[in-house]
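final13.cif (mmCIF, C-alpha atoms and all ligand atoms)
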data_model
#
loop_
_atom_site.label_atom_id
_atom_site.label_comp_id
_atom_site.auth_asym_id
_atom_site.auth_seq_id
_atom_site.Cartn_x
_atom_site.Cartn_y
_atom_site.Cartn_z
CA MET K 1 -0.34 -5.67 7.73
CA THR K 2 1.69 -2.45 7.87
CA THR K 3 5.01 -2.11 9.73
CA ARG K 4 3.17 0.06 12.23
CA ASP K 5 0.61 -2.66 12.94
CA ARG K 6 3.37 -5.25 13.28
CA ILE K 7 5.20 -3.11 15.88
CA LEU K 8 1.92 -2.63 17.75
CA ASN K 9 1.30 -6.38 17.76
CA LEU K 10 4.80 -6.95 19.09
CA PHE K 11 4.29 -4.39 21.89
CA ARG K 12 0.94 -5.92 22.77
CA SER K 13 2.33 -9.43 22.95
CA HIS K 14 4.76 -8.08 25.61
CA GLU K 15 1.82 -6.73 27.67
CA GLY K 16 3.45 -3.47 28.80
CA ALA K 17 6.96 -4.91 29.29
CA PHE K 18 9.99 -3.40 27.53
CA VAL K 19 11.01 -4.71 24.09
CA SER K 20 14.54 -3.87 22.99
CA GLY K 21 15.10 -1.85 19.83
CA GLN K 22 17.30 -4.71 18.61
CA GLU K 23 14.49 -7.27 19.01
CA ILE K 24 12.00 -5.07 17.13
CA SER K 25 14.55 -4.47 14.42
CA THR K 26 15.27 -8.22 14.03
CA GLN K 27 11.62 -9.33 14.15
CA LEU K 28 10.48 -6.75 11.61
CA GLY K 29 13.59 -6.80 9.45
CA ILE K 30 14.06 -3.02 9.64
CA SER K 31 16.95 -0.85 10.91
CA ARG K 32 17.11 0.53 14.47
CA ALA K 33 16.70 4.01 12.98
CA ALA K 34 13.51 2.88 11.21
CA VAL K 35 12.22 1.45 14.51
CA TRP K 36 12.75 4.82 16.17
CA LYS K 37 10.92 6.55 13.31
CA GLN K 38 7.96 4.18 13.66
CA VAL K 39 7.83 4.75 17.43
CA LYS K 40 7.80 8.53 16.86
CA GLY K 41 4.96 8.08 14.36
CA LEU K 42 2.94 6.03 16.87
CA GLN K 43 3.48 8.64 19.57
CA GLN K 44 2.19 11.30 17.19
CA LEU K 45 -0.92 9.16 16.65
CA GLY K 46 -1.60 9.26 20.40
CA PHE K 47 0.04 6.04 21.61
CA THR K 48 1.90 6.42 24.91
CA ILE K 49 5.24 4.70 24.38
CA GLU K 50 8.06 4.96 26.88
CA ALA K 51 11.63 4.83 25.53
CA LYS K 52 14.34 3.91 28.03
CA HIS K 53 18.07 3.68 27.47
CA ALA K 54 19.34 0.06 27.49
CA GLN K 55 15.83 -1.37 27.91
CA GLY K 56 14.03 -0.36 24.75
CA TYR K 57 10.39 0.62 24.34
CA ARG K 58 7.13 -0.25 25.99
CA LEU K 59 3.51 0.54 25.18
CA LEU K 60 1.66 2.19 28.05
CA GLY K 61 -1.52 3.45 26.42
CA ASN K 62 -3.59 3.57 23.24
CA PRO K 63 -5.02 6.68 21.59
CA ALA K 64 -8.63 7.50 22.34
CA TYR K 65 -9.73 6.51 18.85
CA LEU K 66 -10.01 3.09 17.21
CA MET K 67 -7.00 1.77 15.37
CA ALA K 68 -7.25 -0.77 12.56
CA ALA K 69 -5.13 -3.23 14.57
CA ASP K 70 -7.58 -3.00 17.52
CA ILE K 71 -10.44 -3.91 15.21
CA GLU K 72 -8.61 -6.68 13.37
CA ARG K 73 -7.28 -8.37 16.52
CA GLY K 74 -9.19 -11.66 16.90
CA LEU K 75 -11.69 -10.75 14.15
CA LYS K 76 -13.34 -13.96 12.95
CA THR K 77 -14.78 -13.17 9.53
CA ARG K 78 -14.46 -14.56 6.01
CA ILE K 79 -15.28 -11.58 3.83
CA ILE K 80 -15.94 -8.48 5.91
CA GLY K 81 -12.83 -6.88 7.38
CA ARG K 82 -10.27 -8.27 4.90
CA GLN K 83 -8.95 -4.74 4.82
CA VAL K 84 -9.58 -2.26 7.65
CA VAL K 85 -8.75 1.43 7.41
CA SER K 86 -9.14 3.69 10.42
CA LEU K 87 -9.01 7.47 10.20
CA GLU K 88 -8.96 9.99 13.01
CA GLU K 89 -11.13 12.38 11.03
CA THR K 90 -12.78 12.44 7.64
CA ASP K 91 -15.63 14.16 5.79
CA SER K 92 -17.80 11.03 5.42
CA THR K 93 -16.76 7.38 5.61
CA ASN K 94 -19.12 6.65 2.69
CA ILE K 95 -17.26 9.18 0.51
CA GLN K 96 -13.86 7.79 1.48
CA ILE K 97 -14.71 4.13 0.96
CA LYS K 98 -16.10 5.01 -2.44
CA ALA K 99 -12.66 6.44 -3.28
CA LEU K 100 -11.04 3.21 -2.04
CA ALA K 101 -13.49 1.15 -4.12
CA GLU K 102 -12.57 3.15 -7.21
CA GLN K 103 -8.92 2.33 -6.52
CA GLY K 104 -9.81 -1.37 -6.49
CA ALA K 105 -10.30 -2.11 -2.78
CA LEU K 106 -11.39 -5.69 -2.04
CA GLU K 107 -14.91 -6.71 -1.20
CA GLY K 108 -15.27 -6.58 2.58
CA ALA K 109 -13.05 -3.50 3.06
CA VAL K 110 -14.07 -1.51 6.14
CA LEU K 111 -13.40 2.17 6.76
CA VAL K 112 -13.92 3.67 10.21
CA ALA K 113 -13.49 7.25 11.37
CA ASP K 114 -13.41 8.67 14.86
CA ARG K 115 -15.14 11.84 13.69
CA GLN K 116 -16.91 12.97 10.51
CA SER K 117 -17.01 16.61 9.50
CA ALA K 118 -19.72 15.98 6.89
CA GLY K 119 -21.47 12.79 8.05
CA ARG K 120 -24.41 12.15 5.73
CA GLY K 121 -27.97 11.02 6.31
CA ARG K 122 -30.56 10.37 3.61
CA LEU K 123 -31.88 13.08 1.29
CA GLY K 124 -28.96 15.44 1.99
CA ARG K 125 -29.56 15.36 5.76
CA ARG K 126 -26.68 15.55 8.20
CA TRP K 127 -25.46 12.83 10.56
CA GLU K 128 -24.01 14.31 13.75
CA SER K 129 -20.60 12.67 14.28
CA PRO K 130 -18.65 13.93 17.32
CA SER K 131 -15.26 12.38 18.15
CA GLY K 132 -14.36 9.78 20.76
CA VAL K 133 -17.84 8.40 21.40
CA ASN K 134 -19.63 6.68 18.52
CA LEU K 135 -19.06 4.45 15.53
CA TYR K 136 -19.05 5.74 11.97
CA CYS K 137 -18.14 3.07 9.46
CA SER K 138 -18.61 2.03 5.87
CA ILE K 139 -18.30 -1.43 4.39
CA LEU K 140 -17.66 -2.28 0.75
CA LEU K 141 -19.57 -5.18 -0.83
CA LYS K 142 -19.58 -6.49 -4.40
CA PRO K 143 -22.51 -8.91 -4.55
CA HIS K 144 -23.44 -10.62 -7.84
CA ILE K 145 -27.14 -9.84 -7.59
CA PRO K 146 -29.56 -7.91 -9.82
CA VAL K 147 -29.53 -4.14 -9.29
CA GLN K 148 -33.17 -4.19 -8.03
CA GLN K 149 -32.14 -6.44 -5.13
CA ALA K 150 -29.47 -4.07 -3.74
CA PRO K 151 -31.92 -2.46 -1.25
CA GLN K 152 -32.15 -5.86 0.48
CA LEU K 153 -28.72 -5.12 1.95
CA THR K 154 -30.17 -2.24 3.98
CA PHE K 155 -32.33 -4.74 5.85
CA LEU K 156 -29.37 -7.04 6.27
CA SER K 157 -27.33 -4.27 7.94
CA ALA K 158 -30.29 -3.12 10.07
CA ALA K 159 -30.83 -6.64 11.43
CA ALA K 160 -27.08 -6.99 12.10
CA VAL K 161 -26.91 -3.71 14.06
CA ALA K 162 -29.96 -4.64 16.16
CA GLU K 163 -28.52 -8.09 16.89
CA THR K 164 -25.16 -6.54 17.93
CA MET K 165 -26.98 -4.18 20.33
CA THR K 166 -28.55 -7.18 22.03
CA ARG K 167 -25.40 -9.25 22.12
CA VAL K 168 -22.91 -6.59 23.28
CA CYS K 169 -25.11 -4.17 25.25
CA GLN K 170 -28.02 -6.40 26.30
CA LEU K 171 -30.35 -3.81 24.80
CA SER K 172 -33.43 -4.84 22.96
CA ALA K 173 -33.32 -2.93 19.67
CA CYS K 174 -35.85 -2.87 16.89
CA VAL K 175 -35.77 -1.78 13.28
CA LYS K 176 -37.80 0.99 11.69
CA TRP K 177 -38.35 0.98 7.96
CA PRO K 178 -36.29 1.64 6.01
CA ASN K 179 -33.01 2.50 7.71
CA ASP K 180 -33.30 3.18 11.44
CA ILE K 181 -32.52 1.19 14.56
CA LEU K 182 -34.47 2.17 17.68
CA VAL K 183 -34.14 1.50 21.39
CA ASN K 184 -37.07 2.41 23.61
CA GLY K 185 -38.63 4.32 20.74
CA ALA K 186 -35.59 6.55 20.06
CA LYS K 187 -33.11 6.36 17.19
CA ILE K 188 -29.79 4.84 18.23
CA ALA K 189 -28.37 4.09 14.77
CA GLY K 190 -28.92 5.05 11.15
CA LEU K 191 -27.92 3.46 7.86
CA LEU K 192 -27.02 5.02 4.56
CA ASN K 193 -26.45 2.40 1.89
CA GLU K 194 -25.28 3.59 -1.51
CA MET K 195 -24.79 1.76 -4.77
CA ASN K 196 -22.57 2.17 -7.79
CA ALA K 197 -24.08 0.35 -10.76
CA GLU K 198 -24.73 0.38 -14.47
CA THR K 199 -28.09 -0.64 -15.93
CA GLU K 200 -27.80 -4.32 -15.10
CA GLN K 201 -24.61 -4.65 -13.11
CA ILE K 202 -23.66 -3.68 -9.58
CA HIS K 203 -20.07 -2.47 -9.30
CA PHE K 204 -20.28 -2.10 -5.55
CA VAL K 205 -22.56 -1.36 -2.63
CA ILE K 206 -21.52 0.69 0.40
CA LEU K 207 -23.10 -0.06 3.76
CA GLY K 208 -22.82 3.18 5.77
CA ILE K 209 -23.51 2.67 9.48
CA GLY K 210 -23.64 5.29 12.24
CA ILE K 211 -24.23 4.06 15.82
CA ASN K 212 -24.58 6.21 18.94
CA LEU K 213 -22.59 4.36 21.58
CA ASN K 214 -21.14 6.67 24.24
CA MET K 215 -22.73 9.96 23.17
CA THR K 216 -23.96 12.15 26.04
CA ALA K 217 -27.23 14.11 26.13
CA GLU K 218 -25.34 17.37 25.40
CA GLN K 219 -23.84 15.81 22.25
CA LEU K 220 -27.20 14.82 20.75
CA PRO K 221 -28.07 16.86 17.71
CA THR K 222 -30.79 19.52 17.82
CA PRO K 223 -33.31 19.98 16.41
CA LEU K 224 -34.24 16.36 15.70
CA ASN K 225 -36.95 15.07 13.41
CA TYR K 226 -37.15 11.94 15.59
CA PRO K 227 -36.11 11.32 19.24
CA ALA K 228 -32.51 10.08 19.55
CA THR K 229 -30.51 8.16 22.16
CA SER K 230 -27.22 6.31 22.72
CA VAL K 231 -26.21 3.10 24.49
CA PHE K 232 -24.68 5.20 27.27
CA LEU K 233 -27.90 7.16 27.75
CA GLU K 234 -29.90 3.93 27.89
CA THR K 235 -27.64 1.89 30.18
CA GLY K 236 -25.32 4.37 31.97
CA GLN K 237 -22.42 2.17 30.78
CA GLN K 238 -19.58 3.03 28.39
CA VAL K 239 -19.28 0.59 25.48
CA ASP K 240 -15.96 -0.72 24.18
CA ARG K 241 -16.13 0.55 20.60
CA ALA K 242 -13.64 -2.01 19.23
CA LEU K 243 -15.58 -4.90 20.76
CA PHE K 244 -18.87 -3.54 19.42
CA LEU K 245 -17.46 -3.08 15.93
CA ARG K 246 -15.78 -6.50 15.83
CA THR K 247 -19.04 -8.18 16.87
CA LEU K 248 -20.97 -6.16 14.28
CA LEU K 249 -18.53 -7.16 11.51
CA GLU K 250 -18.81 -10.82 12.52
CA ILE K 251 -22.61 -10.74 12.47
CA LEU K 252 -22.61 -8.89 9.14
CA ASP K 253 -20.22 -11.48 7.74
CA HIS K 254 -22.52 -14.29 8.86
CA TYR K 255 -25.68 -12.63 7.45
CA TYR K 256 -23.96 -11.69 4.19
CA THR K 257 -22.63 -15.23 3.64
CA GLU K 258 -26.13 -16.56 4.32
CA PHE K 259 -27.62 -13.94 1.95
CA LEU K 260 -25.28 -14.99 -0.88
CA ALA K 261 -26.13 -18.66 -0.36
CA GLU K 262 -29.86 -18.52 0.43
CA GLY K 263 -31.12 -15.17 -0.84
CA PHE K 264 -33.25 -12.58 0.95
CA LEU K 265 -35.69 -14.82 2.83
CA PRO K 266 -33.69 -15.42 6.06
CA ILE K 267 -32.87 -11.69 6.28
CA ARG K 268 -36.46 -10.71 5.62
CA ARG K 269 -37.64 -13.02 8.41
CA ARG K 270 -35.08 -11.62 10.85
CA TRP K 271 -35.99 -8.06 9.93
CA GLU K 272 -39.72 -8.70 10.27
CA ARG K 273 -39.15 -10.20 13.75
CA LEU K 274 -37.29 -7.03 14.75
CA CYS K 275 -39.74 -4.64 13.13
CA ALA K 276 -41.28 -2.33 15.71
CA VAL K 277 -44.31 -1.57 13.56
CA MET K 278 -45.06 -5.06 12.25
CA ASN K 279 -48.84 -5.65 12.39
CA SER K 280 -49.30 -2.13 13.82
CA ARG K 281 -51.29 0.78 12.47
CA VAL K 282 -49.06 3.51 11.07
CA THR K 283 -49.07 6.59 8.91
CA VAL K 284 -46.62 7.02 6.05
CA ASP K 285 -45.76 10.55 5.01
CA GLN K 286 -44.69 10.80 1.41
CA GLU K 287 -43.85 13.96 -0.50
CA SER K 288 -47.37 15.31 -0.70
CA THR K 289 -49.55 12.51 0.62
CA ARG K 290 -50.19 10.70 3.87
CA LEU K 291 -51.25 7.04 3.82
CA SER K 292 -52.45 5.06 6.77
CA GLY K 293 -52.80 1.33 7.31
CA THR K 294 -51.34 -1.75 8.94
CA VAL K 295 -47.80 -2.94 8.25
CA VAL K 296 -47.92 -6.51 6.93
CA GLY K 297 -44.29 -7.12 5.91
CA LEU K 298 -41.46 -6.46 3.49
CA ASP K 299 -41.44 -7.12 -0.24
CA VAL K 300 -38.50 -8.74 -2.04
CA ASP K 301 -37.24 -5.36 -3.25
CA GLY K 302 -37.41 -3.89 0.27
CA ALA K 303 -40.74 -2.09 -0.23
CA LEU K 304 -42.87 -1.91 2.92
CA ARG K 305 -46.23 -3.67 2.50
CA LEU K 306 -49.03 -1.62 3.97
CA GLN K 307 -52.58 -2.89 4.14
CA CYS K 308 -54.90 0.09 3.78
CA GLU K 309 -58.35 0.47 5.39
CA ASP K 310 -60.05 -0.79 2.20
CA GLY K 311 -58.03 -4.04 2.28
CA ARG K 312 -55.72 -3.30 -0.65
CA VAL K 313 -51.97 -3.71 -0.03
CA GLU K 314 -49.83 -0.71 -1.02
CA ARG K 315 -46.11 -1.04 -1.66
CA ILE K 316 -44.24 1.83 0.01
CA LEU K 317 -40.96 2.67 -1.66
CA ALA K 318 -40.12 5.85 0.26
CA GLY K 319 -41.57 7.81 3.13
CA ASP K 320 -41.48 8.43 6.88
CA VAL K 321 -43.34 5.84 8.94
CA ARG K 322 -44.86 6.66 12.34
CA LEU K 323 -46.97 4.57 14.67
CA LEU K 324 -50.50 5.96 14.95
CA SER K 325 -50.05 5.95 18.75
CA GLU K 326 -47.03 8.31 18.41
CA GLN K 327 -49.11 11.10 16.90
C1 LIG C 401 -29.75 8.23 8.52
O1 LIG C 401 -30.28 9.23 7.78
O2 LIG C 401 -30.22 7.78 9.54
C2 LIG C 401 -28.44 7.69 7.95
C3 LIG C 401 -27.26 7.93 8.84
C4 LIG C 401 -26.03 7.24 8.32
C5 LIG C 401 -24.80 7.70 9.02
C6 LIG C 401 -23.59 6.87 8.65
S1 LIG C 401 -22.21 7.27 9.61
C7 LIG C 401 -21.17 6.36 8.58
C8 LIG C 401 -21.65 6.61 7.15
N1 LIG C 401 -20.99 7.77 6.59
C9 LIG C 401 -21.86 8.78 6.37
O3 LIG C 401 -21.56 9.89 5.92
N2 LIG C 401 -23.11 8.36 6.71
C10 LIG C 401 -23.11 7.01 7.19
P1 LIG C 401 -31.71 9.89 8.03
O4 LIG C 401 -32.74 8.82 8.19
O5 LIG C 401 -31.84 10.85 6.92
O6 LIG C 401 -31.56 10.62 9.42
C11 LIG C 401 -30.91 11.87 9.52
C12 LIG C 401 -31.60 12.66 10.62
O7 LIG C 401 -31.34 12.01 11.89
C13 LIG C 401 -31.08 14.08 10.77
O8 LIG C 401 -31.82 14.96 9.99
C14 LIG C 401 -31.23 14.36 12.26
O9 LIG C 401 -32.55 14.81 12.56
C15 LIG C 401 -31.09 12.98 12.89
N3 LIG C 401 -29.71 12.75 13.38
C16 LIG C 401 -28.56 13.32 12.97
N4 LIG C 401 -27.52 12.83 13.63
C17 LIG C 401 -28.01 11.91 14.49
C18 LIG C 401 -27.42 11.04 15.44
N5 LIG C 401 -26.10 10.97 15.64
N6 LIG C 401 -28.25 10.24 16.15
C19 LIG C 401 -29.60 10.24 15.96
N7 LIG C 401 -30.22 11.05 15.07
C20 LIG C 401 -29.42 11.86 14.33
#

Using structure tokens, write down the structure from this file.
Amino acid sequence: MTTRDRILNLFRSHEGAFVSGQEISTQLGISRAAVWKQVKGLQQLGFTIEAKHAQGYRLLGNPAYLMAADIERGLKTRIIGRQVVSLEETDSTNIQIKALAEQGALEGAVLVADRQSAGRGRLGRRWESPSGVNLYCSILLKPHIPVQQAPQLTFLSAAAVAETMTRVCQLSACVKWPNDILVNGAKIAGLLNEMNAETEQIHFVILGIGINLNMTAEQLPTPLNYPATSVFLETGQQVDRALFLRTLLEILDHYYTEFLAEGFLPIRRRWERLCAVMNSRVTVDQESTRLSGTVVGLDVDGALRLQCEDGRVERILAGDVRLLSEQ
């Protein structure tokens, strides 16, 4: 924990009451001048801290964006969230966590940003990432599994996001192959998982997760290749971003621990239960072809199993899936 986080914890344990400079200095083992410097730094980050002669300092308000300490407070996980980094702005959380991974960050490191200037979707697409409203985060994992099984983690994160939606927002979310989470037929979250591996060995996997929480209709991107929504647009309620993220990290931690112990099967079952198009007739647009058939499940490598009109089961490795009724 950094000195800054320790001061914040101290302020918070005083619940808005003054803490003397002397007490902070003694508890943290730093000089009074260093305390003052830290307070200045926190004020520059957007914390409202009152300084009063002979009484000390008190915390009156937090910045609008998520701080690592807000996420870590009360977080009950074993692996995910061992290290939490929060940035006010970045290009893409996936790019930045990759840099952390290359510097040796631990498995379970989490990087969150309030805003992304170059948020990424699949195939070079853009992920709209305005400040103050949504969640943009990346999680570093180092599973000892064969390279071909890495795509299974996409389904793990999709199931975890859908479960968090239900638990925190009472919204019934479903998953759309391969990387979308939908509410009432519109995309509320997207996943971009990336892997760094050599032929047979995974160095690390990055789970990139973007979730529309408090985004307004004016902030939705245009044009869209699929309808989009946010929790706020669905419920009219603002979501506490720290609470949502903490719950998501705890569910991810549970699913990931289960995945390491029991393999893909429990995840696959969860995902299939949440799959909006399971047993439905769909079309799948691939680069130059369109297939149609009934979705019958997921394969161990994450391929979508599609039963075509002639009875044969095709394995879909890439493509855009749409319900026949949506066309
Ligand atoms: C995705 O791509 O759905 C993956 C999105 C992953 C974003 C997270 S945020 C944290 C981490 N860091 C990153 O840089 N990325 C990850 P795809 O299926 O290709 O969908 C992209 C398409 O969705 C775009 O072409 C738009 O049409 C639409 N879109 C863009 N922003 C959106 C938003 N905020 N909500 C809903 N749809 C959006």

Quiz prompt | Nearest candidate to ligand LIG 401 (chain C) (options K:Ala33, K:Ala303, K:Leu191, K:Ala186; using only C-alpha atoms and all ligand atoms) | solution =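 Going through K:Ala33, K:Ala303, K:Leu191, K:Ala186 one by one, the smallest distance to ligand LIG 401 (chain C) is for K:Leu191.
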
Quiz item: Which is closer to ligand LIG 401 (chain C) than all the others in K:Leu252, K:Ile267, K:Ala242, K:Met215, using only C-alpha atoms and all ligand atoms?
Solution: K:Met215

Practice problem: Just give me the gap between atom C9 of ligand LIG 401 (chain C) and CA of Thr93 (chain K) in Å, one decimal is fine. | Solution: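 Computing the Euclidean distance for atom C9 of ligand LIG 401 (chain C) and CA of Thr93 (chain K) yields 5.3 Å.
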
Exercise. Using all atoms listed in the file, determine which residues fall within 7 Å of ligand LIG 401 (chain C), then list them as a VMD selection string.
Key: chain K and resid 92 to 95 118 to 123 125 to 129 136 to 138 179 to 180 187 to 192 208 to 210 212 220 to 221 223 to 226 228 to 229

Practice problem: Name all residues at most 10 Å from Val239 (chain K) (count all atoms listed in the file; drop same-chain ones fewer than 2 positions away) and give them as a count of residues only. | Solution: 15

Exercise. One decimal, Å: what's the distance from CA of Ser131 (chain K) over to CA of Leu111 (chain K), could you say?
Key: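 Taking CA of Ser131 (chain K) and CA of Leu111 (chain K), their separation equals 15.4 Å.
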
Self-check item: Straight-line distance linking CA of Leu106 (chain K) with CA of Glu250 (chain K), stated in Å to one decimal
Solution: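 Between CA of Leu106 (chain K) and CA of Glu250 (chain K) the gap is 17.1 Å.
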
Quiz item: From the set K:Leu233, K:Thr48, K:Ala54, K:Thr3, which residue has the shortest atom-to-atom contact distance to Ala34 (chain K), counting all atoms listed in the file?
Solution: K:Thr3

Just the residues within 10 Å of Leu156 (chain K), please, counting all atoms listed in the file, with nothing from its chain fewer than 6 positions along; format it as a CSV table (one decimal) with C-alpha atoms, keeping the file's coordinate frame.
chain,number,residue,atom,x,y,z
K,207,LEU,CA,-23.1,-0.1,3.8
K,251,ILE,CA,-22.6,-10.7,12.5
K,252,LEU,CA,-22.6,-8.9,9.1
K,255,TYR,CA,-25.7,-12.6,7.4
K,256,TYR,CA,-24.0,-11.7,4.2
K,259,PHE,CA,-27.6,-13.9,2.0
K,264,PHE,CA,-33.2,-12.6,1.0
K,266,PRO,CA,-33.7,-15.4,6.1
K,267,ILE,CA,-32.9,-11.7,6.3
K,268,ARG,CA,-36.5,-10.7,5.6
K,270,ARG,CA,-35.1,-11.6,10.8
K,271,TRP,CA,-36.0,-8.1,9.9

Find the residues near Ser288 (chain K): any atom within 12 Å, counting all atoms listed in the file, skip ones fewer than 3 places away on the same chain, and give them as a short mmCIF file (atom, residue, chain, number, x, y, z; two decimals) with C-alpha atoms, in the coordinates of the input.
data_model
loop_
_atom_site.label_atom_id
_atom_site.label_comp_id
_atom_site.auth_asym_id
_atom_site.auth_seq_id
_atom_site.Cartn_x
_atom_site.Cartn_y
_atom_site.Cartn_z
CA VAL K 284 -46.62 7.02 6.05
CA ASP K 285 -45.76 10.55 5.01
CA LEU K 291 -51.25 7.04 3.82
CA ALA K 318 -40.12 5.85 0.26
CA GLY K 319 -41.57 7.81 3.13
CA ASP K 320 -41.48 8.43 6.88
#

Quiz item: Excluding same-chain residues fewer than 6 positions from Arg32 (chain K), what lies within 7 Å of it counting all atoms listed in the file, as a list in words?
Solution: Gly21, Gln22 and Ser25 of chain K

Quiz item: When distances are computed from only C-alpha atoms, which of K:His203, K:Arg73, K:Arg6, K:Lys176 shows the smallest separation from Lys98 (chain K)?
Solution: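 Answer, going by the shortest atom-to-atom distance: K:His203.
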
Self-check item: Polymer residues at most 9 Å from (-30.4, -5.0, 1.4) by only C-alpha atoms, as a PyMOL selection string
Solution: chain K and resi 149-158+193+264+267+301-302

Practice problem: Go through K:Leu306, K:Val277, K:Glu218, K:Ile181 and flag the residue nearest Pro130 (chain K), using only C-alpha atoms for the distances. | Solution: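 That would be K:Glu218, the residue with the smallest distance to Pro130 (chain K).
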
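Shortest atom-to-atom contact with Tyr65 (chain K) among K:Leu260, K:Leu45, K:Ala162, K:Ile80: K:Leu45, counting only C-alpha atoms.
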
Hey, could you make a per-residue contact list for region 29-102 of chain K against region 8-20 of chain K with 8 Å as the cut-off, showing the nearest pair of atoms and its distance in Å to one decimal, counting only C-alpha atoms, sorted by chain and number, as CSV?
residue,atom,partner,partner_atom,distance
K:Ala54,CA,K:Ser20,CA,7.7
K:Gln55,CA,K:Ser20,CA,5.7
K:Gly56,CA,K:Ser20,CA,4.0
K:Tyr57,CA,K:Phe18,CA,5.1
K:Arg58,CA,K:Phe18,CA,4.5
K:Leu59,CA,K:Gly16,CA,5.4
K:Leu60,CA,K:Gly16,CA,6.0
K:Ala69,CA,K:Leu8,CA,7.8

Copy region 51-67 of chain K out of the block into a file, keeping N, CA and C atoms, as a CSV table (one decimal), in the first residue's frame.
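Saved result, selection16.csv, follows:
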chain,number,residue,atom,x,y,z
K,51,ALA,N,-7.8,21.9,5.6
K,51,ALA,CA,-6.7,22.0,6.5
K,51,ALA,C,-7.0,23.1,7.5
K,52,LYS,N,-6.9,22.9,8.8
K,52,LYS,CA,-7.3,23.9,9.7
K,52,LYS,C,-6.2,24.0,10.8
K,53,HIS,N,-5.8,25.2,11.1
K,53,HIS,CA,-4.8,25.5,12.1
K,53,HIS,C,-5.2,24.8,13.4
K,54,ALA,N,-4.3,24.2,14.0
K,54,ALA,CA,-4.4,23.6,15.4
K,54,ALA,C,-5.4,22.4,15.4
K,55,GLN,N,-6.0,22.0,14.3
K,55,GLN,CA,-6.9,20.9,14.3
K,55,GLN,C,-6.4,19.8,13.4
K,56,GLY,N,-5.8,20.2,12.3
K,56,GLY,CA,-5.2,19.2,11.3
K,56,GLY,C,-6.0,19.2,10.0
K,57,TYR,N,-6.3,17.9,9.5
K,57,TYR,CA,-6.9,17.8,8.2
K,57,TYR,C,-8.1,16.9,8.3
K,58,ARG,N,-9.1,17.1,7.4
K,58,ARG,CA,-10.2,16.2,7.3
K,58,ARG,C,-10.6,16.0,5.9
K,59,LEU,N,-11.0,14.8,5.6
K,59,LEU,CA,-11.4,14.5,4.2
K,59,LEU,C,-12.9,14.7,4.1
K,60,LEU,N,-13.3,15.6,3.1
K,60,LEU,CA,-14.7,16.0,2.9
K,60,LEU,C,-15.3,15.4,1.6
K,61,GLY,N,-14.4,15.0,0.7
K,61,GLY,CA,-15.0,14.5,-0.6
K,61,GLY,C,-14.0,13.7,-1.4
K,62,ASN,N,-14.4,12.8,-2.2
K,62,ASN,CA,-13.5,12.0,-3.1
K,62,ASN,C,-13.6,12.5,-4.5
K,63,PRO,N,-12.6,12.3,-5.3
K,63,PRO,CA,-12.7,12.7,-6.7
K,63,PRO,C,-13.7,11.9,-7.4
K,64,ALA,N,-14.1,12.4,-8.6
K,64,ALA,CA,-15.2,11.7,-9.3
K,64,ALA,C,-14.8,10.4,-9.8
K,65,TYR,N,-13.5,10.1,-9.9
K,65,TYR,CA,-13.1,8.8,-10.5
K,65,TYR,C,-12.7,7.8,-9.4
K,66,LEU,N,-12.6,6.6,-9.8
K,66,LEU,CA,-12.3,5.5,-8.9
K,66,LEU,C,-10.8,5.5,-8.5
K,67,MET,N,-10.6,5.4,-7.2
K,67,MET,CA,-9.2,5.3,-6.7
K,67,MET,C,-9.0,3.8,-6.3
